[in-house]
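Next comes target.pdb, with PDB, C-alpha atoms.
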ATOM      1  CA  MET L   1       0.000   0.000   0.000  1.00  0.00           C
ATOM      2  CA  GLU L   2       1.605   3.234  -1.182  1.00  0.00           C
ATOM      3  CA  LEU L   3       1.156   6.325   0.989  1.00  0.00           C
ATOM      4  CA  HIS L   4       1.374   9.888  -0.286  1.00  0.00           C
ATOM      5  CA  THR L   5       1.453  11.603   3.110  1.00  0.00           C
ATOM      6  CA  GLY L   6       4.921  12.850   4.008  1.00  0.00           C
ATOM      7  CA  HIS L   7       6.130  12.817   0.388  1.00  0.00           C
ATOM      8  CA  HIS L   8       6.866  16.180  -1.169  1.00  0.00           C
ATOM      9  CA  LEU L   9       7.090  17.616  -4.663  1.00  0.00           C
ATOM     10  CA  ILE L  10      10.705  18.803  -4.755  1.00  0.00           C
ATOM     11  CA  TYR L  11      12.118  21.381  -7.150  1.00  0.00           C
ATOM     12  CA  GLN L  12      15.595  22.835  -7.432  1.00  0.00           C
ATOM     13  CA  LEU L  13      15.556  26.576  -6.803  1.00  0.00           C
ATOM     14  CA  PHE L  14      18.812  28.574  -6.594  1.00  0.00           C
ATOM     15  CA  GLY L  15      20.665  25.375  -5.785  1.00  0.00           C
ATOM     16  CA  MET L  16      18.294  24.422  -2.965  1.00  0.00           C
ATOM     17  CA  ASN L  17      15.663  21.713  -2.700  1.00  0.00           C
ATOM     18  CA  VAL L  18      12.243  23.343  -2.239  1.00  0.00           C
ATOM     19  CA  ASN L  19       9.120  21.405  -1.251  1.00  0.00           C
ATOM     20  CA  MET L  20       6.758  23.084  -3.690  1.00  0.00           C
ATOM     21  CA  ASP L  21       3.618  21.443  -2.297  1.00  0.00           C
ATOM     22  CA  THR L  22       4.425  22.897   1.133  1.00  0.00           C
ATOM     23  CA  LEU L  23       4.995  26.288  -0.436  1.00  0.00           C
ATOM     24  CA  TYR L  24       1.653  26.189  -2.282  1.00  0.00           C
ATOM     25  CA  MET L  25      -0.231  25.040   0.810  1.00  0.00           C
ATOM     26  CA  THR L  26       1.425  27.742   2.921  1.00  0.00           C
ATOM     27  CA  TRP L  27       0.151  30.375   0.489  1.00  0.00           C
ATOM     28  CA  LEU L  28      -3.306  28.773   0.510  1.00  0.00           C
ATOM     29  CA  THR L  29      -3.357  28.717   4.315  1.00  0.00           C
ATOM     30  CA  ALA L  30      -2.364  32.374   4.482  1.00  0.00           C
ATOM     31  CA  ALA L  31      -5.073  33.274   1.939  1.00  0.00           C
ATOM     32  CA  ILE L  32      -7.739  31.404   3.938  1.00  0.00           C
ATOM     33  CA  VAL L  33      -6.689  33.158   7.159  1.00  0.00           C
ATOM     34  CA  ILE L  34      -6.937  36.553   5.433  1.00  0.00           C
ATOM     35  CA  ILE L  35     -10.378  35.698   4.020  1.00  0.00           C
ATOM     36  CA  ILE L  36     -11.633  34.516   7.426  1.00  0.00           C
ATOM     37  CA  THR L  37     -10.452  37.646   9.211  1.00  0.00           C
ATOM     38  CA  LEU L  38     -11.896  39.943   6.547  1.00  0.00           C
ATOM     39  CA  ALA L  39     -15.226  38.101   6.616  1.00  0.00           C
ATOM     40  CA  ALA L  40     -15.331  38.259  10.408  1.00  0.00           C
ATOM     41  CA  THR L  41     -14.465  41.962  10.678  1.00  0.00           C
ATOM     42  CA  ARG L  42     -16.302  43.426   7.706  1.00  0.00           C
ATOM     43  CA  GLY L  43     -19.841  44.577   8.525  1.00  0.00           C
ATOM     44  CA  ARG L  44     -19.570  43.704  12.205  1.00  0.00           C
ATOM     45  CA  SER L  45     -22.750  43.918  14.280  1.00  0.00           C
ATOM     46  CA  LEU L  46     -23.390  44.328  18.007  1.00  0.00           C
ATOM     47  CA  VAL L  47     -25.120  40.947  18.019  1.00  0.00           C
ATOM     48  CA  PRO L  48     -22.644  38.704  16.153  1.00  0.00           C
ATOM     49  CA  SER L  49     -23.730  35.722  14.099  1.00  0.00           C
ATOM     50  CA  GLY L  50     -22.215  33.247  11.682  1.00  0.00           C
ATOM     51  CA  ILE L  51     -18.497  33.489  11.074  1.00  0.00           C
ATOM     52  CA  GLN L  52     -18.197  36.672  13.142  1.00  0.00           C
ATOM     53  CA  ASN L  53     -19.623  34.865  16.156  1.00  0.00           C
ATOM     54  CA  ALA L  54     -17.323  31.848  15.709  1.00  0.00           C
ATOM     55  CA  VAL L  55     -14.197  33.975  15.317  1.00  0.00           C
ATOM     56  CA  GLU L  56     -15.115  36.200  18.274  1.00  0.00           C
ATOM     57  CA  ILE L  57     -15.550  33.173  20.549  1.00  0.00           C
ATOM     58  CA  VAL L  58     -12.083  31.894  19.658  1.00  0.00           C
ATOM     59  CA  VAL L  59     -10.409  35.309  19.815  1.00  0.00           C
ATOM     60  CA  GLU L  60     -11.980  36.266  23.152  1.00  0.00           C
ATOM     61  CA  ALA L  61     -10.899  32.971  24.719  1.00  0.00           C
ATOM     62  CA  LEU L  62      -7.336  33.493  23.494  1.00  0.00           C
ATOM     63  CA  LEU L  63      -7.249  37.137  24.593  1.00  0.00           C
ATOM     64  CA  ALA L  64      -8.281  36.151  28.105  1.00  0.00           C
ATOM     65  CA  GLN L  65      -5.405  33.649  28.188  1.00  0.00           C
ATOM     66  CA  PHE L  66      -2.932  36.197  26.815  1.00  0.00           C
ATOM     67  CA  LYS L  67      -3.901  38.843  29.370  1.00  0.00           C
ATOM     68  CA  GLU L  68      -3.579  36.405  32.262  1.00  0.00           C
ATOM     69  CA  THR L  69      -0.207  35.030  31.148  1.00  0.00           C
ATOM     70  CA  LEU L  70       1.507  38.135  29.752  1.00  0.00           C
ATOM     71  CA  GLY L  71       0.282  40.850  32.088  1.00  0.00           C
ATOM     72  CA  PRO L  72      -0.295  44.528  31.256  1.00  0.00           C
ATOM     73  CA  LYS L  73       2.017  44.553  28.220  1.00  0.00           C
ATOM     74  CA  TRP L  74       0.169  41.778  26.405  1.00  0.00           C
ATOM     75  CA  GLY L  75      -0.864  44.183  23.645  1.00  0.00           C
ATOM     76  CA  GLN L  76       2.699  44.254  22.270  1.00  0.00           C
ATOM     77  CA  VAL L  77       2.466  40.708  20.927  1.00  0.00           C
ATOM     78  CA  VAL L  78      -1.240  39.873  20.689  1.00  0.00           C
ATOM     79  CA  SER L  79      -1.525  40.405  16.922  1.00  0.00           C
ATOM     80  CA  VAL L  80       1.385  38.050  16.194  1.00  0.00           C
ATOM     81  CA  LEU L  81       0.042  35.391  18.553  1.00  0.00           C
ATOM     82  CA  LEU L  82      -3.450  35.500  17.061  1.00  0.00           C
ATOM     83  CA  THR L  83      -2.039  35.289  13.528  1.00  0.00           C
ATOM     84  CA  MET L  84       0.168  32.368  14.541  1.00  0.00           C
ATOM     85  CA  PHE L  85      -2.778  30.510  16.070  1.00  0.00           C
ATOM     86  CA  LEU L  86      -5.036  31.004  13.045  1.00  0.00           C
ATOM     87  CA  PHE L  87      -2.314  30.015  10.582  1.00  0.00           C
ATOM     88  CA  ILE L  88      -1.453  26.812  12.459  1.00  0.00           C
ATOM     89  CA  LEU L  89      -5.123  25.936  12.979  1.00  0.00           C
ATOM     90  CA  VAL L  90      -6.068  26.343   9.316  1.00  0.00           C
ATOM     91  CA  GLY L  91      -2.866  24.628   8.172  1.00  0.00           C
ATOM     92  CA  ASN L  92      -3.487  21.658  10.461  1.00  0.00           C
ATOM     93  CA  GLU L  93      -7.026  21.112   9.199  1.00  0.00           C
ATOM     94  CA  LEU L  94      -6.257  21.323   5.463  1.00  0.00           C
ATOM     95  CA  GLY L  95      -4.561  17.940   5.467  1.00  0.00           C
ATOM     96  CA  LEU L  96      -7.658  16.200   6.828  1.00  0.00           C
ATOM     97  CA  LEU L  97      -9.447  16.357   3.482  1.00  0.00           C
ATOM     98  CA  PRO L  98      -9.476  12.971   1.684  1.00  0.00           C
ATOM     99  CA  SER L  99      -6.946  14.037  -0.943  1.00  0.00           C
ATOM    100  CA  PRO L 100      -3.420  13.494   0.477  1.00  0.00           C
ATOM    101  CA  HIS L 101      -1.825  13.784  -2.980  1.00  0.00           C
ATOM    102  CA  ILE L 102      -3.511  17.183  -3.589  1.00  0.00           C
ATOM    103  CA  LEU L 103      -4.123  18.935  -0.269  1.00  0.00           C
ATOM    104  CA  THR L 104      -1.743  18.476   2.645  1.00  0.00           C
ATOM    105  CA  SER L 105      -1.067  20.406   5.798  1.00  0.00           C
ATOM    106  CA  PRO L 106       1.916  22.747   5.522  1.00  0.00           C
ATOM    107  CA  THR L 107       2.527  21.828   9.159  1.00  0.00           C
ATOM    108  CA  ASN L 108       3.274  18.197   8.219  1.00  0.00           C
ATOM    109  CA  ASP L 109       6.585  19.527   6.861  1.00  0.00           C
ATOM    110  CA  LEU L 110       9.344  20.062   9.413  1.00  0.00           C
ATOM    111  CA  ASN L 111      10.534  23.090   7.451  1.00  0.00           C
ATOM    112  CA  THR L 112       7.261  24.884   8.217  1.00  0.00           C
ATOM    113  CA  THR L 113       7.078  23.984  11.891  1.00  0.00           C
ATOM    114  CA  LEU L 114      10.748  24.834  12.401  1.00  0.00           C
ATOM    115  CA  GLY L 115      10.177  28.177  10.684  1.00  0.00           C
ATOM    116  CA  LEU L 116       7.260  28.915  13.016  1.00  0.00           C
ATOM    117  CA  ALA L 117       9.344  27.879  16.018  1.00  0.00           C
ATOM    118  CA  LEU L 118      12.214  30.153  14.954  1.00  0.00           C
ATOM    119  CA  VAL L 119       9.773  33.057  14.585  1.00  0.00           C
ATOM    120  CA  SER L 120       8.570  32.300  18.104  1.00  0.00           C
ATOM    121  CA  SER L 121      12.140  32.238  19.434  1.00  0.00           C
ATOM    122  CA  PHE L 122      13.108  35.436  17.593  1.00  0.00           C
ATOM    123  CA  MET L 123      10.054  37.221  18.976  1.00  0.00           C
ATOM    124  CA  VAL L 124      10.942  36.191  22.530  1.00  0.00           C
ATOM    125  CA  HIS L 125      14.407  37.754  22.275  1.00  0.00           C
ATOM    126  CA  PHE L 126      13.215  40.828  20.352  1.00  0.00           C
ATOM    127  CA  VAL L 127      10.534  41.608  22.950  1.00  0.00           C
ATOM    128  CA  ALA L 128      12.995  40.995  25.801  1.00  0.00           C
ATOM    129  CA  LEU L 129      15.537  43.413  24.325  1.00  0.00           C
ATOM    130  CA  ARG L 130      12.811  45.979  23.718  1.00  0.00           C
ATOM    131  CA  ASN L 131      11.464  45.842  27.274  1.00  0.00           C
ATOM    132  CA  GLN L 132      14.522  44.993  29.348  1.00  0.00           C
ATOM    133  CA  GLY L 133      17.513  46.152  27.365  1.00  0.00           C
ATOM    134  CA  LEU L 134      20.600  44.194  26.405  1.00  0.00           C
ATOM    135  CA  LYS L 135      22.205  44.159  29.866  1.00  0.00           C
ATOM    136  CA  LYS L 136      19.179  42.727  31.709  1.00  0.00           C
ATOM    137  CA  HIS L 137      18.467  40.248  28.957  1.00  0.00           C
ATOM    138  CA  ILE L 138      21.973  38.804  29.116  1.00  0.00           C
ATOM    139  CA  LYS L 139      21.955  38.912  32.915  1.00  0.00           C
ATOM    140  CA  HIS L 140      18.992  36.527  33.178  1.00  0.00           C
ATOM    141  CA  TYR L 141      21.102  33.731  31.640  1.00  0.00           C
ATOM    142  CA  PHE L 142      23.251  33.767  34.780  1.00  0.00           C
ATOM    143  CA  GLN L 143      20.328  33.468  37.192  1.00  0.00           C
ATOM    144  CA  PRO L 144      19.802  32.205  39.788  1.00  0.00           C
ATOM    145  CA  PHE L 145      23.550  31.449  39.790  1.00  0.00           C
ATOM    146  CA  ALA L 146      26.316  31.931  37.232  1.00  0.00           C
ATOM    147  CA  VAL L 147      26.836  28.167  36.898  1.00  0.00           C
ATOM    148  CA  PHE L 148      23.366  27.919  35.347  1.00  0.00           C
ATOM    149  CA  PHE L 149      24.519  29.848  32.248  1.00  0.00           C
ATOM    150  CA  VAL L 150      25.115  26.733  30.147  1.00  0.00           C
ATOM    151  CA  ILE L 151      21.756  25.196  31.107  1.00  0.00           C
ATOM    152  CA  ASN L 152      19.867  28.427  30.423  1.00  0.00           C
ATOM    153  CA  LEU L 153      21.624  28.816  27.076  1.00  0.00           C
ATOM    154  CA  LEU L 154      20.863  25.230  26.030  1.00  0.00           C
ATOM    155  CA  GLU L 155      17.243  25.809  26.942  1.00  0.00           C
ATOM    156  CA  GLU L 156      17.030  28.576  24.338  1.00  0.00           C
ATOM    157  CA  PHE L 157      18.090  26.076  21.653  1.00  0.00           C
ATOM    158  CA  THR L 158      15.810  23.268  22.820  1.00  0.00           C
ATOM    159  CA  LYS L 159      12.650  25.413  22.974  1.00  0.00           C
ATOM    160  CA  PRO L 160      12.256  25.938  19.200  1.00  0.00           C
ATOM    161  CA  ILE L 161      13.335  22.355  18.491  1.00  0.00           C
ATOM    162  CA  THR L 162      10.693  20.861  20.785  1.00  0.00           C
ATOM    163  CA  LEU L 163       8.049  23.277  19.482  1.00  0.00           C
ATOM    164  CA  ALA L 164       8.806  22.308  15.889  1.00  0.00           C
ATOM    165  CA  PHE L 165       8.962  18.525  16.385  1.00  0.00           C
ATOM    166  CA  ARG L 166       5.863  18.380  18.609  1.00  0.00           C
ATOM    167  CA  LEU L 167       3.672  20.073  15.997  1.00  0.00           C
ATOM    168  CA  PHE L 168       5.277  18.273  13.038  1.00  0.00           C
ATOM    169  CA  GLY L 169       5.064  14.829  14.627  1.00  0.00           C
ATOM    170  CA  ASN L 170       1.441  15.098  15.706  1.00  0.00           C
ATOM    171  CA  ILE L 171       0.165  16.431  12.385  1.00  0.00           C
ATOM    172  CA  LEU L 172       2.165  14.043  10.195  1.00  0.00           C
ATOM    173  CA  ALA L 173       1.175  11.001  12.271  1.00  0.00           C
ATOM    174  CA  GLY L 174      -2.486  11.998  12.168  1.00  0.00           C
ATOM    175  CA  GLU L 175      -2.477  12.415   8.383  1.00  0.00           C
ATOM    176  CA  ILE L 176      -0.685   9.105   7.813  1.00  0.00           C
ATOM    177  CA  LEU L 177      -3.256   7.294   9.943  1.00  0.00           C
ATOM    178  CA  MET L 178      -6.072   9.111   8.136  1.00  0.00           C
ATOM    179  CA  GLU L 179      -4.780   7.959   4.735  1.00  0.00           C
ATOM    180  CA  VAL L 180      -4.354   4.373   5.968  1.00  0.00           C
ATOM    181  CA  LEU L 181      -7.920   4.302   7.307  1.00  0.00           C
ATOM    182  CA  TYR L 182      -9.326   5.661   4.038  1.00  0.00           C
ATOM    183  CA  LYS L 183      -7.606   2.837   2.165  1.00  0.00           C
ATOM    184  CA  LEU L 184      -8.451   0.014   4.594  1.00  0.00           C
ATOM    185  CA  VAL L 185     -11.901   1.060   5.846  1.00  0.00           C
ATOM    186  CA  PRO L 186     -13.265   3.741   3.497  1.00  0.00           C
ATOM    187  CA  VAL L 187     -16.633   3.999   5.310  1.00  0.00           C
ATOM    188  CA  GLY L 188     -17.358   4.799   8.944  1.00  0.00           C
ATOM    189  CA  VAL L 189     -14.040   4.640  10.786  1.00  0.00           C
ATOM    190  CA  PRO L 190     -12.319   7.461   8.821  1.00  0.00           C
ATOM    191  CA  ILE L 191     -15.201   9.810   9.716  1.00  0.00           C
ATOM    192  CA  ILE L 192     -14.713   9.133  13.422  1.00  0.00           C
ATOM    193  CA  TRP L 193     -10.967   9.708  13.107  1.00  0.00           C
ATOM    194  CA  LEU L 194     -11.620  12.838  11.047  1.00  0.00           C
ATOM    195  CA  ILE L 195     -13.679  14.369  13.852  1.00  0.00           C
ATOM    196  CA  PHE L 196     -10.998  13.385  16.362  1.00  0.00           C
ATOM    197  CA  SER L 197      -8.264  14.870  14.144  1.00  0.00           C
ATOM    198  CA  LEU L 198     -10.142  18.169  13.842  1.00  0.00           C
ATOM    199  CA  VAL L 199      -9.967  18.461  17.618  1.00  0.00           C
ATOM    200  CA  ILE L 200      -6.288  17.447  17.630  1.00  0.00           C
ATOM    201  CA  GLY L 201      -5.517  20.151  15.043  1.00  0.00           C
ATOM    202  CA  LEU L 202      -7.184  22.738  17.270  1.00  0.00           C
ATOM    203  CA  ILE L 203      -5.367  21.490  20.367  1.00  0.00           C
ATOM    204  CA  GLN L 204      -1.962  21.528  18.636  1.00  0.00           C
ATOM    205  CA  ALA L 205      -2.506  25.103  17.407  1.00  0.00           C
ATOM    206  CA  PHE L 206      -3.492  26.101  20.948  1.00  0.00           C
ATOM    207  CA  ILE L 207      -0.507  24.347  22.541  1.00  0.00           C
ATOM    208  CA  PHE L 208       1.999  25.941  20.157  1.00  0.00           C
ATOM    209  CA  THR L 209       0.534  29.406  20.730  1.00  0.00           C
ATOM    210  CA  ILE L 210       0.254  29.071  24.510  1.00  0.00           C
ATOM    211  CA  LEU L 211       3.817  27.742  24.844  1.00  0.00           C
ATOM    212  CA  THR L 212       5.034  30.740  22.838  1.00  0.00           C
ATOM    213  CA  THR L 213       2.958  32.955  25.140  1.00  0.00           C
ATOM    214  CA  SER L 214       4.554  31.437  28.228  1.00  0.00           C
ATOM    215  CA  TYR L 215       8.036  32.013  26.765  1.00  0.00           C
ATOM    216  CA  LEU L 216       7.102  35.642  26.075  1.00  0.00           C
ATOM    217  CA  ALA L 217       5.887  36.221  29.629  1.00  0.00           C
ATOM    218  CA  ASP L 218       9.427  36.617  30.989  1.00  0.00           C
ATOM    219  CA  SER L 219      10.376  38.892  28.095  1.00  0.00           C
ATOM    220  CA  LEU L 220       7.593  41.339  28.958  1.00  0.00           C
ATOM    221  CA  ARG L 221       8.617  41.650  32.604  1.00  0.00           C
ATOM    222  CA  GLU L 222      10.965  44.479  33.414  1.00  0.00           C
ATOM    223  CA  GLU L 223      12.329  42.660  36.432  1.00  0.00           C
TER     224      GLU L 223
END
Let me see the structure of the file written as structure tokens.
Amino acid sequence: MELHTGHHLIYQLFGMNVNMDTLYMTWLTAAIVIIITLAATRGRSLVPSGIQNAVEIVVEALLAQFKETLGPKWGQVVSVLLTMFLFILVGNELGLLPSPHILTSPTNDLNTTLGLALVSSFMVHFVALRNQGLKKHIKHYFQPFAVFFVINLLEEFTKPITLAFRLFGNILAGEILMEVLYKLVPVGVPIIWLIFSLVIGLIQAFIFTILTTSYLADSLREE
């Protein structure tokens, strides 16, 4: 039984191997996110309904979490966090359609998840430098004692790696199992797993965003 999930359409571009299917699906995901946000914000009413209501429920739940975790300076990063959540959520769900050789999740490619994790890591350091300055930011690597410098430094490298592999592994495994079920039991069982996978895609988007939020919490504190 041949599986398409995890295989990529590779092209040579400027001497580099580029997974073109991932690139196309990344653009599609971004376009869907833009369409959703425009549809939810255009013609807003005091009594929301339809897509506006659905988006507001999700956004309000996330904003409450951001405020609690990040404190009074949460507004500095909220737009990036919301965009990250929506992109990962939409990207995760695209691969659940029964067409693994046409539509796949961009998040089933380690290049995508690692890119998202590096953006998360970069944002943590950028916000820390902006709020604390270079001296305080470097100083925290030597806390609570100077001997902890190596451990604290290694932690900065392991955070994006674990973020990337957690998301990549969960999404790829779910899509592989989905394709296997469609081939072995085309009726019934795949629908149950599809519903379960929709929830998993939501949970993984939430976990990635909340972990990034927790990393940012220290960067937004002046002390």
Practice prompt. Decode the PyMOL selection byres ((chain L and resi 170) around 10) for the given file into explicit residues and return them as a PyMOL selection string.
Written response: chain L and resi 92+107-108+165-169+171-175+197+200-201+204
Worksheet item: Looking at only C-alpha atoms, which of L:Asn53, L:Gln76, L:Gln65, L:Thr104 is the one that sits closest to Phe206 of chain L?
Response: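 Smallest separation from Phe206 of chain L among the options: L:Gln65.
The shortest atom-to-atom distance to Val199 of chain L, with only C-alpha atoms taken into account, belongs to L:Leu89 out of L:Thr212, L:Val124, L:Leu89, L:Leu110.
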Practice prompt. Kindly give the distance, in Å, that separates atom CA of Leu220 of chain L and atom CA of Ala128 of chain L, rounded to a single decimal.
Written response: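 Result for atom CA of Leu220 of chain L versus atom CA of Ala128 of chain L: 6.3 Å, one decimal.
Ranking L:Met123, L:Thr22, L:Phe14, L:Leu114 by their shortest atom-to-atom distance to Leu81 of chain L, with only C-alpha atoms included, puts L:Met123 first.
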Expected answer as an mmCIF file with C-alpha atoms, in the coordinates of the input: all residues with atoms within 12 Å of (-5.3, 39.6, 7.3), only C-alpha atoms:
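Saved the output as part.cif:
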data_model
loop_
_atom_site.group_PDB
_atom_site.id
_atom_site.type_symbol
_atom_site.label_atom_id
_atom_site.label_comp_id
_atom_site.auth_asym_id
_atom_site.auth_seq_id
_atom_site.Cartn_x
_atom_site.Cartn_y
_atom_site.Cartn_z
ATOM 1 C CA THR L 29 -3.357 28.717 4.315
ATOM 2 C CA ALA L 30 -2.364 32.374 4.482
ATOM 3 C CA ALA L 31 -5.073 33.274 1.939
ATOM 4 C CA ILE L 32 -7.739 31.404 3.938
ATOM 5 C CA VAL L 33 -6.689 33.158 7.159
ATOM 6 C CA ILE L 34 -6.937 36.553 5.433
ATOM 7 C CA ILE L 35 -10.378 35.698 4.020
ATOM 8 C CA ILE L 36 -11.633 34.516 7.426
ATOM 9 C CA THR L 37 -10.452 37.646 9.211
ATOM 10 C CA LEU L 38 -11.896 39.943 6.547
ATOM 11 C CA ALA L 39 -15.226 38.101 6.616
ATOM 12 C CA ALA L 40 -15.331 38.259 10.408
ATOM 13 C CA THR L 41 -14.465 41.962 10.678
ATOM 14 C CA ARG L 42 -16.302 43.426 7.706
ATOM 15 C CA SER L 79 -1.525 40.405 16.922
ATOM 16 C CA VAL L 80 1.385 38.050 16.194
ATOM 17 C CA LEU L 82 -3.450 35.500 17.061
ATOM 18 C CA THR L 83 -2.039 35.289 13.528
ATOM 19 C CA MET L 84 0.168 32.368 14.541
ATOM 20 C CA LEU L 86 -5.036 31.004 13.045
ATOM 21 C CA PHE L 87 -2.314 30.015 10.582
#
Discussion item. Which residues would end up in the selection if the PyMOL selection byres ((chain L and resi 117) around 9) were applied here, given that I need the answer as a PyMOL selection string?
Written reply: chain L and resi 112-116+118-122+159-164+208+212
Worksheet item: the PyMOL selection byres ((chain L and resi 130) around 12) on the file shown: which residues, as number ranges by chain?
Response: L: 73, 76-77, 123-129, 131-137, 219-222
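Taking atom CA of Glu179 of chain L as the reference point, atom CA of Asp109 of chain L is found at 16.4 Å.
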Please define a box with edges along x, y and z of the file around all atoms of segment 195-211 of chain L given in the file, extend it by 4 Å on each side, and return its centre and edge lengths in Å to one decimal, as lines of an AutoDock Vina configuration file.
center_x = -4.9
center_y = 21.4
center_z = 19.3
size_x = 25.5
size_y = 24.0
size_z = 19.0
Worksheet item: Any idea what the distance is between atom CA of Ile192 of chain L and atom CA of Ile88 of chain L?
Response: 22.1 Å
Near Asn19 of chain L, counting only C-alpha atoms, which residues have an atom at most 6 Å away, once you skip same-chain residues fewer than 5 positions from it, shown as a compact mmCIF listing (two decimals) with C-alpha atoms, in the coordinates of the input?
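around.txt was written with the following content:
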# COMPACT_ATOMS: atom_id res chain seq x y z
CA HIS L 8 6.87 16.18 -1.17
CA LEU L 9 7.09 17.62 -4.66
CA ILE L 10 10.70 18.80 -4.76
Practice prompt. Please provide as a list in words all residues within 10 Å of His140 of chain L, with the sequence filter that same-chain residues fewer than 4 positions apart are discarded (counting only C-alpha atoms).
Written response: Lys135, Lys136, Pro144, Phe145, Ala146, Phe148, Phe149, Asn152, Asp218 and Glu223 of chain L
Assuming the input is short of atoms at segment 111-129 of chain L, produce N, CA and C atoms for that part as a compact mmCIF listing (two decimals), in the frame of the given file.
# COMPACT_ATOMS: atom_id res chain seq x y z
N ASN L 111 10.06 21.76 7.82
CA ASN L 111 10.53 23.09 7.45
C ASN L 111 9.57 24.18 7.92
N THR L 112 8.27 23.91 7.79
CA THR L 112 7.26 24.88 8.22
C THR L 112 7.23 25.02 9.73
N THR L 113 7.18 23.91 10.43
CA THR L 113 7.08 23.98 11.89
C THR L 113 8.35 24.57 12.50
N LEU L 114 9.50 24.26 11.90
CA LEU L 114 10.75 24.83 12.40
C LEU L 114 10.79 26.33 12.13
N GLY L 115 10.26 26.75 10.98
CA GLY L 115 10.18 28.18 10.68
C GLY L 115 9.30 28.91 11.68
N LEU L 116 8.15 28.32 12.02
CA LEU L 116 7.26 28.92 13.02
C LEU L 116 7.94 28.98 14.38
N ALA L 117 8.66 27.91 14.73
CA ALA L 117 9.34 27.88 16.02
C ALA L 117 10.45 28.93 16.09
N LEU L 118 11.16 29.14 14.98
CA LEU L 118 12.21 30.15 14.95
C LEU L 118 11.62 31.57 15.05
N VAL L 119 10.46 31.77 14.43
CA VAL L 119 9.77 33.06 14.58
C VAL L 119 9.41 33.28 16.04
N SER L 120 8.91 32.23 16.68
CA SER L 120 8.57 32.30 18.10
C SER L 120 9.79 32.66 18.94
N SER L 121 10.92 31.99 18.67
CA SER L 121 12.14 32.24 19.43
C SER L 121 12.66 33.65 19.19
N PHE L 122 12.66 34.09 17.92
CA PHE L 122 13.11 35.44 17.59
C PHE L 122 12.26 36.48 18.30
N MET L 123 10.95 36.26 18.34
CA MET L 123 10.05 37.22 18.98
C MET L 123 10.33 37.32 20.48
N VAL L 124 10.63 36.19 21.10
CA VAL L 124 10.94 36.19 22.53
C VAL L 124 12.14 37.09 22.82
N HIS L 125 13.20 36.96 22.04
CA HIS L 125 14.41 37.75 22.28
C HIS L 125 14.20 39.22 21.87
N PHE L 126 13.48 39.45 20.79
CA PHE L 126 13.22 40.83 20.35
C PHE L 126 12.42 41.58 21.40
N VAL L 127 11.37 40.96 21.93
CA VAL L 127 10.53 41.61 22.95
C VAL L 127 11.32 41.82 24.24
N ALA L 128 12.18 40.85 24.59
CA ALA L 128 13.00 41.00 25.80
C ALA L 128 13.96 42.17 25.67
N LEU L 129 14.61 42.29 24.54
CA LEU L 129 15.54 43.41 24.32
C LEU L 129 14.80 44.74 24.32
